[in-house]
Every structure is written in C-alpha cells, then in structure tokens.
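Structure record follows, encoded as structure tokens.
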Amino acid sequence: MPTILAHETPAHTANALPITLHGKLIGREKSLAQVYSHLKTHKAVLICGAAGIGKTALAGTLASAYTELPGGVLWLNVHDSPLDELIVRVGRAYGDLDIANSDVPSGMIGAAASTLNTHKPLLVLDGKPNLQAAADFIRRCADGLPALVVANTPSEGPWTPIEVGPLEEEAAVAMLRALAGLEGQAGIEDDLAELVSILDYTPLAVAVAAGTMRLAKQTPSAYLETFEQIPSSAGADAQLLALTVGFRSLNSALQGLMLMMGALFTGGGSGELLSLVSGAPPETIQQVMTMLSASYLVDRFERGDAPYYRLHEVTRSFAETWLRSSGRLESLQMKVRDTLVEYVKKYSGSHDRLAAEMDNIVAAARWSADSGDRDAVNQLVVGLMQAGDFVNEGGYVYELLALRRLAASFTTAFPAYPPPSPPESAEPAPPSLWDRAARAPEAISGAVIPGEDEEDFDEEPEAELDEETFEDELEDEFEEEFEDEEDFDEQEELEDATLTGIVTETLPEGEAGEIARLQAALRLARQQGDGARKIELLAEIGERLTEQGQHNEAIPIYDELLSDYEALDETEEMLKTLDTLSALMVKTENSGAAVMHATRGIHLAEELDDEETHMHLLMTLGDARQQLGDSGEAVRAYGQALEIARNRDDSQNEALVLYKLGGAQLDNSDPDAAAQTWEQALRLFRTQGKRDYEGRVLGSLGTAYGELGRWTEAINFHTSALHIAREVKDKEEEALQLSNLGYAAVEANQLGEAVLRYRQALHLAYQANNRENIVSAIVDLTRLLVESRRHLSIAEVLIDEAAALEPNDRDVIRLKERVTNEKLMAQAAGVQLLPVNGTPQQYAANAYTLLEG
C-alpha cells in the first residue's frame, strides 16, 4: 500500500469530492430522479449537454449521496484519457501498485475489474472524456456498477444518455435569488426575469451573475445596466456576457490572478503552485481565491489535504482567449512551465505535493514538446526520477513513461501507451470563444497579471461444489461415458489419433502451418506426459515464433520452457532461456519483467562464468532500464557490458554497446559524454563497414550537439546521416533525419530550411501511407507556417488534411483553431496571402524533388 496520497482516492464524504457544490440543486428534480433510476439498478448514465449547462452539478449532487455508501465515489477528472490511463488510475485510487505500475496496463483489465467489483463505488468520469475509451472501460472494468459519464455531446455506448438543457424560468430565477442572497426581497421579480432571459437560463451564466451582484453589492437593476456598457452585447453569448461583466467587476489584482489561471496547463492548480507562479504569499493567494470562488469564477476543493483551485472550461476559454488576443498567453505559459520545473525540484522530497500537481507536470511536458522544447521535458523527467521512490511508490510509472517518450521526440504521440482509435461520434473540441471574446470591452485590458513585468507583460453467486461432490459428479460422468477402464483407454487412443489426423488435414501451408503442427504435437506430448518431447517442441515453437516476430506469443512458450528447465535443474538451459525471455520482454515493452529476468540471468551467468551471455543480459538490462526511464542505471549496465566486450576483444558488440550507452548518457542529461561515446562507436562501425549503423550514430551525434546548442554542427551530422539513409535505402531513418533537420533548422533560426525539411519528411510519410507520421509532419510544418501571415492559406490546407485524417487529435484541433483565427485577423488587416497551388501531397512532393535532383 503506497503512503503517497493519490488524488484519485475514493471520496467517502461530500466534502472530499473534487468539485464545488453550491447548496441545493435547483430546477433539476426530474433529471435527478431520471438518472438515479438507472444508478440504483447498477447501470451507467451519460449526462450530456452544452458546457456550463450544469452537468457536473447534477453528477455532484448524486455523488454526494453515494459518498455515504460503503463503496463511496471514485471521481476521475479526465481529458481525452485512453483506456490505459483509466486502468492505471484505478490502481492508484485503491493503492494497487501492480495495476498502477504495470508496463502494459491493458493487461491488467481483469485486475482493475476485480478491484472495482470488490469496492463497488459509484464511478464518475467528468471533464472531457474520450467516449470510446470510457465505453470500453465501463464494459470491461465497471460492468454492473453505477457509473456517470459527463460529456458535452451524446454518444452511443454501454449507458443511457440523458441530456441536460437550460433551466425553466422559475428555476433560473430561484437559483439567481439563492446564489445572490436575494431571498425574500420583493419588487425585483421583473428584473430577475429579464436578467435570466438575457442569460439564456444557463446555470453557469446565472451563477456568475449572482456572484458578481453579491461581490459588487449590486441590485438586479444595476446589474442589468452594466450590459448597456458592453458594445455589441445584443445577441452575444450569455456565458461570455456574464463573464465579461463579472471580470470587469474585479479589481486589477483579482483580474490578473484569474487570467494567470487561464495560463495553467490544466486550468487549475494548488495554492502553492499559484503562489510560486505569481510571487504572492500563500496567505494572499488563499484570500484572493476565496473571493473568486465566492463569485463562482473559480471552483475550490481539497486535493492532498490542501486547497486546489480550478477554472470551469468556459471560464478557462475566456481567460485563454483574452491572453492570446493580448499577446501574453505564450509568455505566461512559459513562466508556468519554468515554475513547474522548479516545483518538481523543490518538492522532490514532498511526494504528496508532487502528486497534487502531476496533471500539470504532464501537461507542461506536453506543451513543451509541442513547442519543440525537449530540454524542459528532460528536466521534468530528471526531476521526477530524482524524487526518491515517488514514481514507483506513488504509482506514476505510466506518467513517467509518457514524459520519456515526449523527451525522446517532440513529435511522439501522447500518452505513453497507444490510445484507442477515435470513436465515430467522438466528442468535438469546445467551440472557440475567439469571435465572442473579440467583442469584450477594452476596459478589461488593464489587468495586472501577478509575476509579469508590466512592460513584458448485486446478484447471488452460484453455489460452489465442494471437492467431494465435484469428484463424485466427475466420476459419474466418466462411468456413464465409459463402461470400464479398457473402453476409456481405447477411446483416448482413438481421440489422439483423430485429433492428429484432423489437424494434419486442416492446417494452413507454410510457416504458419508448421507452427500449428508443432503446437498440435505439443498438446499430444502434454497429454502423454512426454517431458523430453515437450521441451524439444517448446524450444522449436518459441524459436519459430520469435523468428516470425510473434513476440507476445513466444513469451508464454519460453515461460513454460523455463519452468521445465528449473524442474530439471538444467542451469545452462535456464540461462539460455532467461537471455531469450528477457530480450522478448524488452521488445514487447514489458520492462519490469525484463529487469527481473535479466537480473536473475546475470547472477546465473556469473555462477557459470559465461561471459558472452553475461554481456548480452547486461545489454538487455540496460534496454529495460531505459524503457523505465532509469537512465542512470542503464548507463551502469551498459558500462559493465562494454567492459566485458573489450576484455573479450569483441569489437562487434563493443560498437553496439557504445551506441546504446550514448543514448542512455544523453537521456541522463550528459550530452558531452554521449557525444564522446558515439564518436568511439562511429569509428568502430566505419571500420566494420556497417553503413546503416554509421548513419544512425551520425544522427545521434546531431542530437547530442543539438542538446549542447551547437546547431551548425548538429545540422552537419544530421545531413550526413540523411545521405547514408538514402544510400542504404532506409526510408524510416531518412524520414527521421529529415524531421531532425527541420527541428535543428528551427533552433538555428533557418526557418526556410526548416519548412523545406518538414515538407520532405511529409512526402515520405505519404509514400509510406503512415497516417500517424503524416499528421505529425503536418503539425510540425503548420506550426512554422502559422507564424508567417502570408502562408496562412497554405497552413489552412495542410491542417484541414490533418483534421480529415485525425479529427479528434488535440494538436490538430488547437492548430486548426489558431490558423482560422490568424487568417481572419490577417484578412482584416489586408495581408496578401500566398495562393494555394495543388494538394498537400503535391506540396510535399515538390520539396522532395530537390533531394532527388
């Protein structure tokens, strides 16, 4: 059981829920009854409706009642979370580190389902759920449990969709009276009715308006007059109107802190984080946030026994849009990112505080990777790895692996495990507030953002048979089927012969057929108890499966083979099998098991004085440590393997170990050592005539020199690697080096060259018909083009292509919105846009011809 307090811990009191409940829910009695009718029969419900319509308040009211039940409430705030993340979070919630730290979370579906079924909580998925992942999770892990999924749009799934709409006028007025403290006041009915009408009877808008009136001590009529001060308020979005009026009612300090929260990568943070970003004392932060919470502009709840504050998604969009339009968003996000890097270092020994901000840490890494800043991601990775046993004891292996993949390549997909395919009816991104925020009054431009320079800105179980009854029934079945032992023996022989004949007649041809024949023979050997034949067949099947690249299928074969050798105490064969099995575990990214098998094999190799296998196992151990993000241990393992290779005068393995060692040193934030190691590997590979490895090492040297900020040298290395990749016709390596050249050119401020290289990489992605690489290359390219107003039409065509391929990709959605907004602004400013000639494929192919010329 971990000692670190996970914020997924089930709630057993209403106050422990990660939301703010503002008294009794008004106007939703019918919806409450409808939803509860499904929950009480242990069914799932999808609560859907527009942002700000009160879905979370409805879910929270029901959840507050369930907190009094033994199972409590497992409330997970999600943001496009894949199935693997949900499984990991179940493990953290209940302190099951086997689930939380699994290298392959999808392999723990049964364990997660068993855990949930044991505790029987009400499950709530709130925020921006990936509806396909949520559906899979409920079907496979939470079937038979009451569950609520909160989403903006309806979708088919293992649930009953219940849509939430605007309040009735009477309910909206009652809500406004209650939240604004106007109960009992007479003579204001007409003003209240007019006000809720303007606010479209939307709960969020009504709540913000109530909070503004209470904070500013305004009457309803005085509040109505404020609308006349807003240009073009007629027909404007109700929530934007309420937020604009509420924002204007704040003093500059309160405005600044609210805007600063808009720059937080998750829209929320602890008081400690807000204090570090703003430079204000924690006491001041608490006072200010109490006022903003009283205005219903910020939600306040407890996380890790400390206050945590979060903006509603609509309020966050409002703040983000204002910051972007004033040119202050990116600089403030950079400050938040840098603060989080320092936060991880500062609280490396305070694991509860690290856990409280893990959402922001991962999101900051994602943002940094999107911006091409791998150094910040590396710093976050190193900081977490140096935080003692936080990652392992807290169950954050999943997140660390995600960060490591981001650090390895800023174009690598997130999260750490491959997400499920997007659903056909996946929830779209919320609509942009750009056009609405553009109508916000100039009066709010005086906000002072803390920390900025002003200049810079239940069914009954089936009865179980006891052992005696079971044996009696089984014996009866056999007595009915066979009259005597002789008949049984004859039948068994007949079945074996028939099985072999049928298998022989129906097996496919080729290698697949041969493996199937061997598996049929293996079944026969098991039935006949022929241990020697069984071992022989296991070894051959495992070898053939491995040769065919069926690594997952080969693992259980070698596991069984290892058990047989252990029973016979065949230590040499045990060592050989451990070597193979640990390598397979690395290839399938079952890193924890790889470490276990490799470590055991290393001890056995030392006992048997088998240097060659010892060296191989050390290399495998280094590979597994790399996958786990433990680069320091990987460096140690590779170093020991290198010593053995040199002692044996084995230059082939020496070169390979040097290549791997350099990668571990780079990941361990030592680019100087990595460069020196790769220089040694380069000389050996050249001597051996291994042009493919020579090219890979040259590319790695380019990466090392890039980390050192020596971009001219980095470009030269990547260019040499590109030439070799083309020479050996390695299209995958060629595409990688083109992307690396694009990144290096950006850092060297050679933007034209960067565009050219990304276009060439895009052409190879089209040739390979690799959807993921196409979208990744387009995202890299569009990020550059959007910075030049003249290229916005080209950027639009490209991002539209990516949106057609991956309509639910978060990067694509964000970029498409930005391109659209930037193009509108450019057209309004009279900028002459370059024409679009041809398709994205042709645009990429034209650039690639320069390589072939």
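Following the order of the structure tokens, chains are lettered A, B, ..., residues in each are numbered from 1, and ligands are numbered from 1.
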Would you list the contacts of region 97-109 of chain A as a CSV table (one decimal) with all heavy atoms, in the first residue's frame, taking every protein, DNA or RNA residue within 6 Å and counting only C-alpha atoms, but skipping same-chain residues closer than 2 positions in sequence?
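Output saved as around-v2.csv:
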chain,number,residue,atom,x,y,z
A,84,ASP,N,-5.8,2.8,-21.0
A,84,ASP,CA,-4.7,2.5,-20.2
A,84,ASP,C,-4.6,3.5,-19.0
A,84,ASP,O,-4.3,3.1,-17.9
A,84,ASP,CB,-3.4,2.5,-21.0
A,84,ASP,CG,-3.2,1.3,-21.8
A,84,ASP,OD1,-3.6,0.2,-21.3
A,84,ASP,OD2,-2.6,1.4,-22.9
A,88,VAL,N,-4.8,2.6,-14.9
A,88,VAL,CA,-3.7,3.0,-14.0
A,88,VAL,C,-4.3,3.8,-12.9
A,88,VAL,O,-3.9,3.6,-11.7
A,88,VAL,CB,-2.6,3.8,-14.8
A,88,VAL,CG1,-1.7,4.5,-13.8
A,88,VAL,CG2,-1.8,2.9,-15.7
A,91,GLY,N,-5.8,1.7,-10.2
A,91,GLY,CA,-4.8,1.1,-9.4
A,91,GLY,C,-4.3,2.1,-8.3
A,91,GLY,O,-4.1,1.8,-7.1
A,92,ARG,N,-4.1,3.4,-8.7
A,92,ARG,CA,-3.7,4.4,-7.8
A,92,ARG,C,-4.8,4.7,-6.7
A,92,ARG,O,-4.5,4.8,-5.5
A,92,ARG,CB,-3.3,5.7,-8.5
A,92,ARG,CG,-1.9,5.7,-9.0
A,92,ARG,CD,-1.4,7.1,-9.2
A,92,ARG,NE,-2.2,7.9,-10.1
A,92,ARG,CZ,-1.9,8.1,-11.4
A,92,ARG,NH1,-0.9,7.4,-11.9
A,92,ARG,NH2,-2.6,8.8,-12.2
A,95,GLY,N,-4.6,1.9,-4.2
A,95,GLY,CA,-3.3,1.5,-3.7
A,95,GLY,C,-2.8,0.2,-4.2
A,95,GLY,O,-1.9,-0.4,-3.6
A,111,ALA,N,-7.7,-7.4,-13.4
A,111,ALA,CA,-7.3,-6.9,-12.0
A,111,ALA,C,-8.1,-5.7,-11.7
A,111,ALA,O,-8.6,-5.5,-10.5
A,111,ALA,CB,-5.8,-6.7,-11.9
A,112,ALA,N,-8.2,-4.7,-12.6
A,112,ALA,CA,-8.9,-3.5,-12.4
A,112,ALA,C,-10.4,-3.8,-12.1
A,112,ALA,O,-11.1,-3.2,-11.2
A,112,ALA,CB,-8.7,-2.5,-13.5
A,395,GLY,N,2.8,5.1,-7.9
A,395,GLY,CA,2.1,4.6,-9.0
A,395,GLY,C,2.1,5.4,-10.2
A,395,GLY,O,1.1,5.5,-11.0
A,397,VAL,N,4.4,5.3,-12.8
A,397,VAL,CA,5.3,4.8,-13.9
A,397,VAL,C,4.7,5.2,-15.3
A,397,VAL,O,5.4,5.6,-16.2
A,397,VAL,CB,5.4,3.3,-13.8
A,397,VAL,CG1,6.0,2.7,-15.1
A,397,VAL,CG2,6.3,2.9,-12.6
A,590,ASN,N,7.6,-4.9,-21.8
A,590,ASN,CA,7.2,-5.4,-20.5
A,590,ASN,C,8.5,-5.3,-19.6
A,590,ASN,O,9.1,-6.3,-19.2
A,590,ASN,CB,6.8,-6.9,-20.6
A,590,ASN,CG,6.1,-7.4,-19.4
A,590,ASN,OD1,6.0,-6.7,-18.4
A,590,ASN,ND2,5.5,-8.6,-19.5
Please report, as CSV, each residue of region 232-310 of chain A lying at most 9 Å from region 7-18 of chain A, together with the nearest pair of atoms and the separation in Å rounded to one decimal; use only C-alpha atoms, and order rows by chain and ascending residue number.
residue,atom,partner,partner_atom,distance
A:Arg300,CA,A:Pro18,CA,8.3
A:Phe301,CA,A:Pro18,CA,5.7
A:Glu302,CA,A:Ala16,CA,6.7
A:Arg303,CA,A:His7,CA,5.9
A:Gly304,CA,A:His7,CA,6.3
A:Tyr308,CA,A:Pro18,CA,8.8
For the residues in the current selection, export C-alpha atoms as a PDB file, in the first residue's frame.
ATOM      1  CA  ARG A 300     -12.318  25.329  -4.833  1.00  0.00           C
ATOM      2  CA  PHE A 301     -11.906  21.853  -3.351  1.00  0.00           C
ATOM      3  CA  GLU A 302      -9.329  19.779  -1.463  1.00  0.00           C
ATOM      4  CA  ARG A 303      -6.548  17.770  -3.073  1.00  0.00           C
ATOM      5  CA  GLY A 304      -3.963  16.109  -0.877  1.00  0.00           C
ATOM      6  CA  TYR A 308      -6.925  23.237  -5.016  1.00  0.00           C
TER       7      TYR A 308
END
For region 788-792 of chain A: contacts at 8 Å, only C-alpha atoms, fewer than 3 positions along chain excluded, given as a list in words: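 Non-adjacent residues within range: Leu784, Leu785, Ala795, Glu796, Val819, Glu822, Lys823, Ala826, Val831, Gln832, Leu833 and Leu834 of chain A.
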Can you write out the residues you just picked, keeping all heavy atoms, as a PDB file, in the first residue's frame?
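Here's the written file again-v2.pdb:
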ATOM      1  N   LEU A 784       5.154  26.097 -38.065  1.00  0.00           N
ATOM      2  CA  LEU A 784       6.053  27.079 -38.655  1.00  0.00           C
ATOM      3  C   LEU A 784       5.300  28.049 -39.549  1.00  0.00           C
ATOM      4  O   LEU A 784       5.476  29.273 -39.457  1.00  0.00           O
ATOM      5  CB  LEU A 784       7.138  26.365 -39.479  1.00  0.00           C
ATOM      6  CG  LEU A 784       8.302  25.754 -38.705  1.00  0.00           C
ATOM      7  CD1 LEU A 784       9.212  25.004 -39.663  1.00  0.00           C
ATOM      8  CD2 LEU A 784       9.097  26.832 -37.986  1.00  0.00           C
ATOM      9  N   LEU A 785       4.461  27.519 -40.421  1.00  0.00           N
ATOM     10  CA  LEU A 785       3.775  28.362 -41.398  1.00  0.00           C
ATOM     11  C   LEU A 785       2.819  29.359 -40.743  1.00  0.00           C
ATOM     12  O   LEU A 785       2.623  30.459 -41.257  1.00  0.00           O
ATOM     13  CB  LEU A 785       3.009  27.486 -42.391  1.00  0.00           C
ATOM     14  CG  LEU A 785       3.868  26.575 -43.286  1.00  0.00           C
ATOM     15  CD1 LEU A 785       2.983  25.708 -44.152  1.00  0.00           C
ATOM     16  CD2 LEU A 785       4.818  27.404 -44.154  1.00  0.00           C
ATOM     17  N   ALA A 795      -1.108  26.925 -44.747  1.00  0.00           N
ATOM     18  CA  ALA A 795      -1.250  26.273 -43.437  1.00  0.00           C
ATOM     19  C   ALA A 795      -2.664  25.728 -43.261  1.00  0.00           C
ATOM     20  O   ALA A 795      -2.862  24.635 -42.716  1.00  0.00           O
ATOM     21  CB  ALA A 795      -0.914  27.267 -42.327  1.00  0.00           C
ATOM     22  N   GLU A 796      -3.652  26.463 -43.758  1.00  0.00           N
ATOM     23  CA  GLU A 796      -5.045  26.032 -43.627  1.00  0.00           C
ATOM     24  C   GLU A 796      -5.305  24.742 -44.406  1.00  0.00           C
ATOM     25  O   GLU A 796      -5.952  23.819 -43.911  1.00  0.00           O
ATOM     26  CB  GLU A 796      -5.975  27.140 -44.118  1.00  0.00           C
ATOM     27  CG  GLU A 796      -7.452  26.828 -43.943  1.00  0.00           C
ATOM     28  CD  GLU A 796      -8.328  27.988 -44.394  1.00  0.00           C
ATOM     29  OE1 GLU A 796      -8.067  28.538 -45.502  1.00  0.00           O
ATOM     30  OE2 GLU A 796      -9.265  28.337 -43.660  1.00  0.00           O
ATOM     31  N   VAL A 819      -5.079  28.598 -36.749  1.00  0.00           N
ATOM     32  CA  VAL A 819      -4.935  29.003 -38.153  1.00  0.00           C
ATOM     33  C   VAL A 819      -6.153  29.790 -38.598  1.00  0.00           C
ATOM     34  O   VAL A 819      -6.043  30.827 -39.262  1.00  0.00           O
ATOM     35  CB  VAL A 819      -4.712  27.767 -39.042  1.00  0.00           C
ATOM     36  CG1 VAL A 819      -4.835  28.146 -40.518  1.00  0.00           C
ATOM     37  CG2 VAL A 819      -3.344  27.155 -38.783  1.00  0.00           C
ATOM     38  N   GLU A 822      -6.034  33.261 -36.942  1.00  0.00           N
ATOM     39  CA  GLU A 822      -4.966  34.088 -37.508  1.00  0.00           C
ATOM     40  C   GLU A 822      -5.311  34.530 -38.925  1.00  0.00           C
ATOM     41  O   GLU A 822      -5.017  35.659 -39.325  1.00  0.00           O
ATOM     42  CB  GLU A 822      -3.647  33.299 -37.515  1.00  0.00           C
ATOM     43  CG  GLU A 822      -3.093  32.960 -36.137  1.00  0.00           C
ATOM     44  CD  GLU A 822      -2.455  34.161 -35.456  1.00  0.00           C
ATOM     45  OE1 GLU A 822      -2.316  35.223 -36.102  1.00  0.00           O
ATOM     46  OE2 GLU A 822      -2.095  34.039 -34.270  1.00  0.00           O
ATOM     47  N   LYS A 823      -5.944  33.665 -39.698  1.00  0.00           N
ATOM     48  CA  LYS A 823      -6.303  34.025 -41.069  1.00  0.00           C
ATOM     49  C   LYS A 823      -7.354  35.123 -41.088  1.00  0.00           C
ATOM     50  O   LYS A 823      -7.288  36.060 -41.900  1.00  0.00           O
ATOM     51  CB  LYS A 823      -6.814  32.790 -41.822  1.00  0.00           C
ATOM     52  CG  LYS A 823      -7.049  33.054 -43.309  1.00  0.00           C
ATOM     53  CD  LYS A 823      -7.470  31.791 -44.040  1.00  0.00           C
ATOM     54  CE  LYS A 823      -7.715  32.097 -45.518  1.00  0.00           C
ATOM     55  NZ  LYS A 823      -8.179  30.902 -46.259  1.00  0.00           N
ATOM     56  N   ALA A 826      -5.559  38.270 -40.313  1.00  0.00           N
ATOM     57  CA  ALA A 826      -4.725  38.705 -41.437  1.00  0.00           C
ATOM     58  C   ALA A 826      -5.567  39.318 -42.538  1.00  0.00           C
ATOM     59  O   ALA A 826      -5.203  40.350 -43.126  1.00  0.00           O
ATOM     60  CB  ALA A 826      -3.929  37.522 -41.969  1.00  0.00           C
ATOM     61  N   VAL A 831      -3.692  41.701 -45.252  1.00  0.00           N
ATOM     62  CA  VAL A 831      -2.482  40.978 -45.629  1.00  0.00           C
ATOM     63  C   VAL A 831      -2.742  40.175 -46.905  1.00  0.00           C
ATOM     64  O   VAL A 831      -3.768  39.498 -47.030  1.00  0.00           O
ATOM     65  CB  VAL A 831      -2.031  40.039 -44.491  1.00  0.00           C
ATOM     66  CG1 VAL A 831      -0.826  39.205 -44.921  1.00  0.00           C
ATOM     67  CG2 VAL A 831      -1.701  40.846 -43.241  1.00  0.00           C
ATOM     68  N   GLN A 832      -1.821  40.248 -47.862  1.00  0.00           N
ATOM     69  CA  GLN A 832      -1.932  39.488 -49.106  1.00  0.00           C
ATOM     70  C   GLN A 832      -1.425  38.064 -48.858  1.00  0.00           C
ATOM     71  O   GLN A 832      -0.246  37.854 -48.611  1.00  0.00           O
ATOM     72  CB  GLN A 832      -1.105  40.155 -50.217  1.00  0.00           C
ATOM     73  CG  GLN A 832      -1.313  39.543 -51.593  1.00  0.00           C
ATOM     74  CD  GLN A 832      -2.703  39.805 -52.147  1.00  0.00           C
ATOM     75  OE1 GLN A 832      -3.291  40.856 -51.888  1.00  0.00           O
ATOM     76  NE2 GLN A 832      -3.223  38.850 -52.886  1.00  0.00           N
ATOM     77  N   LEU A 833      -2.324  37.088 -48.925  1.00  0.00           N
ATOM     78  CA  LEU A 833      -1.954  35.711 -48.660  1.00  0.00           C
ATOM     79  C   LEU A 833      -1.450  35.024 -49.916  1.00  0.00           C
ATOM     80  O   LEU A 833      -1.954  35.261 -51.023  1.00  0.00           O
ATOM     81  CB  LEU A 833      -3.159  34.929 -48.109  1.00  0.00           C
ATOM     82  CG  LEU A 833      -3.829  35.501 -46.846  1.00  0.00           C
ATOM     83  CD1 LEU A 833      -4.989  34.617 -46.418  1.00  0.00           C
ATOM     84  CD2 LEU A 833      -2.820  35.637 -45.722  1.00  0.00           C
ATOM     85  N   LEU A 834      -0.436  34.171 -49.739  1.00  0.00           N
ATOM     86  CA  LEU A 834       0.078  33.419 -50.881  1.00  0.00           C
ATOM     87  C   LEU A 834      -0.970  32.423 -51.360  1.00  0.00           C
ATOM     88  O   LEU A 834      -1.678  31.821 -50.556  1.00  0.00           O
ATOM     89  CB  LEU A 834       1.355  32.671 -50.479  1.00  0.00           C
ATOM     90  CG  LEU A 834       2.579  33.541 -50.160  1.00  0.00           C
ATOM     91  CD1 LEU A 834       3.718  32.662 -49.681  1.00  0.00           C
ATOM     92  CD2 LEU A 834       2.998  34.316 -51.401  1.00  0.00           C
TER      93      LEU A 834
END
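The nearest approach to Asn392 (chain A) among the residues A:Asp96, A:Glu734, A:Glu787, A:Ser81, with only C-alpha atoms taken into account, belongs to A:Asp96.
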Can you pull out every residue within 10 Å of Glu553 (chain A), counting only C-alpha atoms, but drop anything in the same chain fewer than 5 positions away, and send it as a PDB file with C-alpha atoms, in the first residue's frame?
ATOM      1  CA  ILE A 541       7.960 -23.360 -31.321  1.00  0.00           C
ATOM      2  CA  GLY A 542       9.490 -20.488 -29.336  1.00  0.00           C
ATOM      3  CA  LEU A 545       7.532 -17.604 -33.223  1.00  0.00           C
ATOM      4  CA  THR A 546      10.446 -15.305 -32.414  1.00  0.00           C
ATOM      5  CA  TYR A 558       9.543 -19.625 -23.107  1.00  0.00           C
TER       6      TYR A 558
END
Any chance you could list, as a PyMOL selection string, the residues in region 100-238 of chain A that come up strand (DSSP E or B) when DSSP is run on the backbone? chain A and resi 122-128+147-151+160-163
Please identify all polymer residues within 9 Å of Leu584 (chain A), counting only C-alpha atoms, omitting same-chain residues fewer than 2 positions from it, and present them as a count of residues only. 15
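The smallest atom-to-atom distance between Leu642 (chain A) and any of A:Gly144, A:Gly622, A:Gly689, A:Gly699, using only C-alpha atoms, is found for A:Gly622.
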For a test of reading the model, state the distance in Å between CA of Met619 (chain A) and CA of Ala714 (chain A), rounded to one decimal.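 Answer for the CA of Met619 (chain A) to CA of Ala714 (chain A) separation: 27.5 Å.
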